[in-house]
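K.L.:
Just so it is clear, I am handing over structure03.txt, which has compact mmCIF, C-alpha atoms.
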```txt
# COMPACT_ATOMS: atom_id res chain seq x y z
CA MET A 1 7.05 -1.13 -9.67
CA PRO A 2 5.89 -4.56 -8.57
CA PRO A 3 3.13 -6.24 -10.58
CA HIS A 4 -0.44 -5.69 -9.57
CA ALA A 5 -1.21 -9.07 -8.05
CA PHE A 6 -4.82 -8.27 -7.33
CA SER A 7 -5.88 -7.78 -10.92
CA LYS A 8 -7.87 -10.50 -12.66
CA SER A 9 -6.20 -9.64 -15.96
CA GLN A 10 -3.45 -12.05 -16.95
CA THR A 11 -1.55 -9.43 -18.90
CA ILE A 12 -1.28 -5.75 -18.25
CA ASP A 13 0.40 -3.74 -20.99
CA GLY A 14 -0.31 -0.35 -19.51
CA ILE A 15 -0.39 1.49 -16.21
CA GLN A 16 -2.97 1.93 -13.50
CA VAL A 17 -4.16 5.48 -13.07
CA GLY A 18 -7.03 7.39 -11.58
CA ALA A 19 -8.16 10.89 -10.78
CA PRO A 20 -6.12 12.20 -7.84
CA SER A 21 -9.15 14.00 -6.46
CA TRP A 22 -12.69 14.99 -7.21
CA TRP A 23 -13.91 18.52 -6.66
CA ALA A 24 -17.46 19.32 -5.72
CA VAL A 25 -19.54 22.29 -4.68
CA TYR A 26 -21.25 21.89 -1.32
CA LYS A 27 -24.83 23.09 -1.35
CA ASP A 28 -24.31 24.85 1.99
CA GLY A 29 -21.20 26.71 0.85
CA ASN A 30 -20.68 29.75 -1.32
CA VAL A 31 -22.14 27.96 -4.33
CA GLU A 32 -21.97 30.71 -6.93
CA GLU A 33 -18.37 31.68 -6.10
CA ALA A 34 -17.31 28.02 -6.04
CA LYS A 35 -18.89 27.44 -9.46
CA LYS A 36 -17.22 30.59 -10.77
CA PHE A 37 -13.83 29.38 -9.52
CA LEU A 38 -14.22 25.91 -11.03
CA ASN A 39 -15.39 27.35 -14.35
CA GLU A 40 -12.39 29.71 -14.43
CA PHE A 41 -10.03 26.88 -13.45
CA ALA A 42 -11.45 24.66 -16.20
CA HIS A 43 -11.74 27.11 -19.07
CA SER A 44 -9.35 30.05 -18.69
CA ASP A 45 -5.76 30.29 -19.87
CA ALA A 46 -4.68 30.91 -16.27
CA GLY A 47 -6.54 27.80 -15.09
CA ARG A 48 -5.07 25.73 -17.92
CA ASP A 49 -1.58 26.97 -17.05
CA ALA A 50 -2.13 26.13 -13.37
CA ARG A 51 -3.45 22.63 -14.13
CA ILE A 52 -0.96 21.59 -16.78
CA ASN A 53 2.22 23.57 -16.07
CA LYS A 54 2.20 24.37 -12.37
CA MET A 55 0.36 21.34 -11.02
CA THR A 56 1.63 19.06 -13.82
CA LEU A 57 -1.76 17.43 -14.17
CA ILE A 58 -3.01 15.78 -17.31
CA SER A 59 -5.94 17.81 -18.48
CA PRO A 60 -9.27 15.98 -18.61
CA PHE A 61 -10.38 18.29 -21.41
CA ALA A 62 -9.94 17.21 -25.04
CA SER A 63 -9.78 20.89 -25.99
CA ASP A 64 -6.47 21.29 -24.12
CA SER A 65 -3.59 20.70 -26.50
CA ALA A 66 -0.88 21.58 -23.96
CA LYS A 67 0.93 18.65 -22.39
CA PRO A 68 2.63 18.60 -18.99
CA ALA A 69 6.40 19.07 -19.10
CA SER A 70 7.27 16.87 -16.12
CA PRO A 71 8.62 13.49 -17.27
CA LEU A 72 6.21 11.48 -15.11
CA SER A 73 3.11 13.40 -16.20
CA ALA A 74 4.24 13.32 -19.85
CA SER A 75 4.70 9.55 -19.65
CA VAL A 76 1.29 9.05 -18.05
CA ALA A 77 -0.28 11.31 -20.72
CA ASP A 78 1.29 9.09 -23.40
CA TYR A 79 -0.26 5.97 -21.87
CA VAL A 80 -3.63 7.75 -21.64
CA SER A 81 -3.47 8.86 -25.30
CA ARG A 82 -2.76 5.26 -26.39
CA GLY A 83 -5.60 3.85 -24.31
CA LYS A 84 -3.17 1.84 -22.18
CA THR A 85 -4.58 2.57 -18.74
CA TYR A 86 -6.36 0.48 -16.13
CA PRO A 87 -8.26 1.52 -13.00
CA TRP A 88 -6.56 1.38 -9.62
CA GLU A 89 -6.41 -2.15 -8.22
CA GLN A 90 -5.02 -1.49 -4.73
CA PHE A 91 -8.52 -1.02 -3.37
CA LYS A 92 -9.17 -4.71 -4.05
CA MET A 93 -6.56 -5.78 -1.51
CA PRO A 94 -7.71 -7.17 1.83
CA ASP A 95 -8.09 -4.64 4.65
CA GLY A 96 -4.73 -3.79 6.19
CA PHE A 97 -2.72 -5.70 3.58
CA THR A 98 -0.93 -2.66 2.18
CA GLN A 99 -0.10 -1.03 5.52
CA ASP A 100 0.41 -4.08 7.72
CA THR A 101 1.90 -6.58 5.27
CA LEU A 102 3.42 -4.85 2.24
CA GLY A 103 4.34 -1.58 3.96
CA PRO A 104 6.97 -3.11 6.25
CA ILE A 105 8.52 -4.98 3.30
CA TYR A 106 8.83 -1.75 1.31
CA GLU A 107 10.35 -0.10 4.37
CA LEU A 108 12.99 -2.83 4.65
CA LEU A 109 13.90 -2.31 1.00
CA ALA A 110 14.02 1.47 1.37
CA GLN A 111 16.36 1.10 4.35
CA ASN A 112 18.61 -1.29 2.38
CA LYS A 113 17.97 -4.01 4.97
CA ILE A 114 16.96 -6.50 2.27
CA THR A 115 18.01 -7.05 -1.34
CA THR A 116 15.75 -6.65 -4.35
CA ALA A 117 15.59 -10.45 -4.65
CA GLN A 118 14.54 -10.73 -1.00
CA PHE A 119 11.92 -8.02 -1.59
CA VAL A 120 10.48 -9.97 -4.53
CA ASP A 121 10.43 -13.18 -2.50
CA MET A 122 8.75 -11.51 0.48
CA VAL A 123 6.09 -9.75 -1.61
CA THR A 124 5.41 -12.94 -3.58
CA ALA A 125 5.03 -14.96 -0.36
CA SER A 126 2.76 -12.31 1.14
CA ILE A 127 0.47 -12.30 -1.85
CA ALA A 128 0.39 -16.10 -1.95
CA SER A 129 -0.70 -16.10 1.70
CA VAL A 130 -4.01 -14.47 0.83
CA PRO A 131 -6.24 -17.53 0.22
CA SER A 132 -9.12 -15.75 -1.53
CA LEU A 133 -6.80 -14.39 -4.19
CA CYS A 134 -4.62 -17.41 -4.89
```
Go through the file and emit its structure as structure tokens.

P.N.:
Amino acid sequence: MPPHAFSKSQTIDGIQVGAPSWWAVYKDGNVEEAKKFLNEFAHSDAGRDARINKMTLISPFASDSAKPASPLSASVADYVSRGKTYPWEQFKMPDGFTQDTLGPIYELLAQNKITTAQFVDMVTASIASVPSLC
């Protein structure tokens, strides 16, 4: 993973994470059934199993002692438990930077058209070209 060049922190000894989605109940929908579903999903054994084991999510509830079995989720859970997380930084990048500038560089690397060293050089040069962040 390349460093997060758009963070103001000089050192980052953790990982950047965030909630993958937020769930809400629309006032014009089937409010009572939606609330019932979310309550069941949050508090029942079946909901806990779905969240942690089937969806491999890290539970937001301190009362859940179960940990996800997938290696990625287990690793993220470890960082969370040690307080070594930071909020997402990619939203601080200039408009279009990820898709129009970094995306093609990642694609070249994925297609083995450039070396890792070339990738690093290209990403570094791209980031340096953004005057407001240099």

K.L.:
Within 9 Å of (-4.2, 3.3, -8.2) in the file's own coordinates, which protein, DNA or RNA residues have an atom, counting only C-alpha atoms? List them as a CSV table (one decimal) with C-alpha atoms, in the frame of the given file.

P.N.:
```
chain,number,residue,atom,x,y,z
A,16,GLN,CA,-3.0,1.9,-13.5
A,17,VAL,CA,-4.2,5.5,-13.1
A,18,GLY,CA,-7.0,7.4,-11.6
A,19,ALA,CA,-8.2,10.9,-10.8
A,86,TYR,CA,-6.4,0.5,-16.1
A,87,PRO,CA,-8.3,1.5,-13.0
A,88,TRP,CA,-6.6,1.4,-9.6
A,89,GLU,CA,-6.4,-2.2,-8.2
A,90,GLN,CA,-5.0,-1.5,-4.7
A,91,PHE,CA,-8.5,-1.0,-3.4
```

K.L.:
Which of these residues is nearest to Val130 (chain A), using all atoms listed in the file: A:Ser73, A:Ala66, A:Phe97, A:Trp23?

P.N.:
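Residue with the minimum atom-to-atom distance to Val130 (chain A): A:Phe97.
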
K.L.:
Pick from A:Ala128, A:Ala34, A:Ile12, A:Ala74: nearest to Ile52 (chain A), with all atoms listed in the file counted?

P.N.:
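Among the listed residues, A:Ala74 lies closest to Ile52 (chain A).
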
K.L.:
Please report the interatomic distance between CA of Thr115 (chain A) and CA of Leu102 (chain A) in Å with one decimal.

P.N.:
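Between these atoms lies a distance of 15.2 Å.
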
K.L.:
Pick out the residues sitting within 12 Å of Gly103 (chain A), and hand them over as a compact mmCIF listing (two decimals) with C-alpha atoms, in the coordinates of the input; count all atoms listed in the file, and ignore anything fewer than 5 positions along from it in its own chain.

P.N.:
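Output (out38.txt):
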```
# COMPACT_ATOMS: atom_id res chain seq x y z
CA GLY A 96 -4.73 -3.79 6.19
CA PHE A 97 -2.72 -5.70 3.58
CA THR A 98 -0.93 -2.66 2.18
CA LEU A 108 12.99 -2.83 4.65
CA LEU A 109 13.90 -2.31 1.00
CA ALA A 110 14.02 1.47 1.37
CA PHE A 119 11.92 -8.02 -1.59
CA MET A 122 8.75 -11.51 0.48
CA VAL A 123 6.09 -9.75 -1.61
CA SER A 126 2.76 -12.31 1.14
```

K.L.:
What gap, in Å, lies between CA of Leu72 (chain A) and CA of Asp95 (chain A)?

P.N.:
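Answer for the CA of Leu72 (chain A) to CA of Asp95 (chain A) separation: 29.2 Å.
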
K.L.:
State, in Å with one decimal place, the distance from CA of Asp13 (chain A) to CA of Gln99 (chain A).

P.N.:
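The value is 26.7 Å.
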
K.L.:
Would you mind telling me which residue in A:Asn112, A:Asn30, A:Ser44, A:Ser21 lies nearest to Leu57 (chain A) when using only C-alpha atoms?

P.N.:
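Using only C-alpha atoms, Leu57 (chain A) sits closest to A:Ser21.
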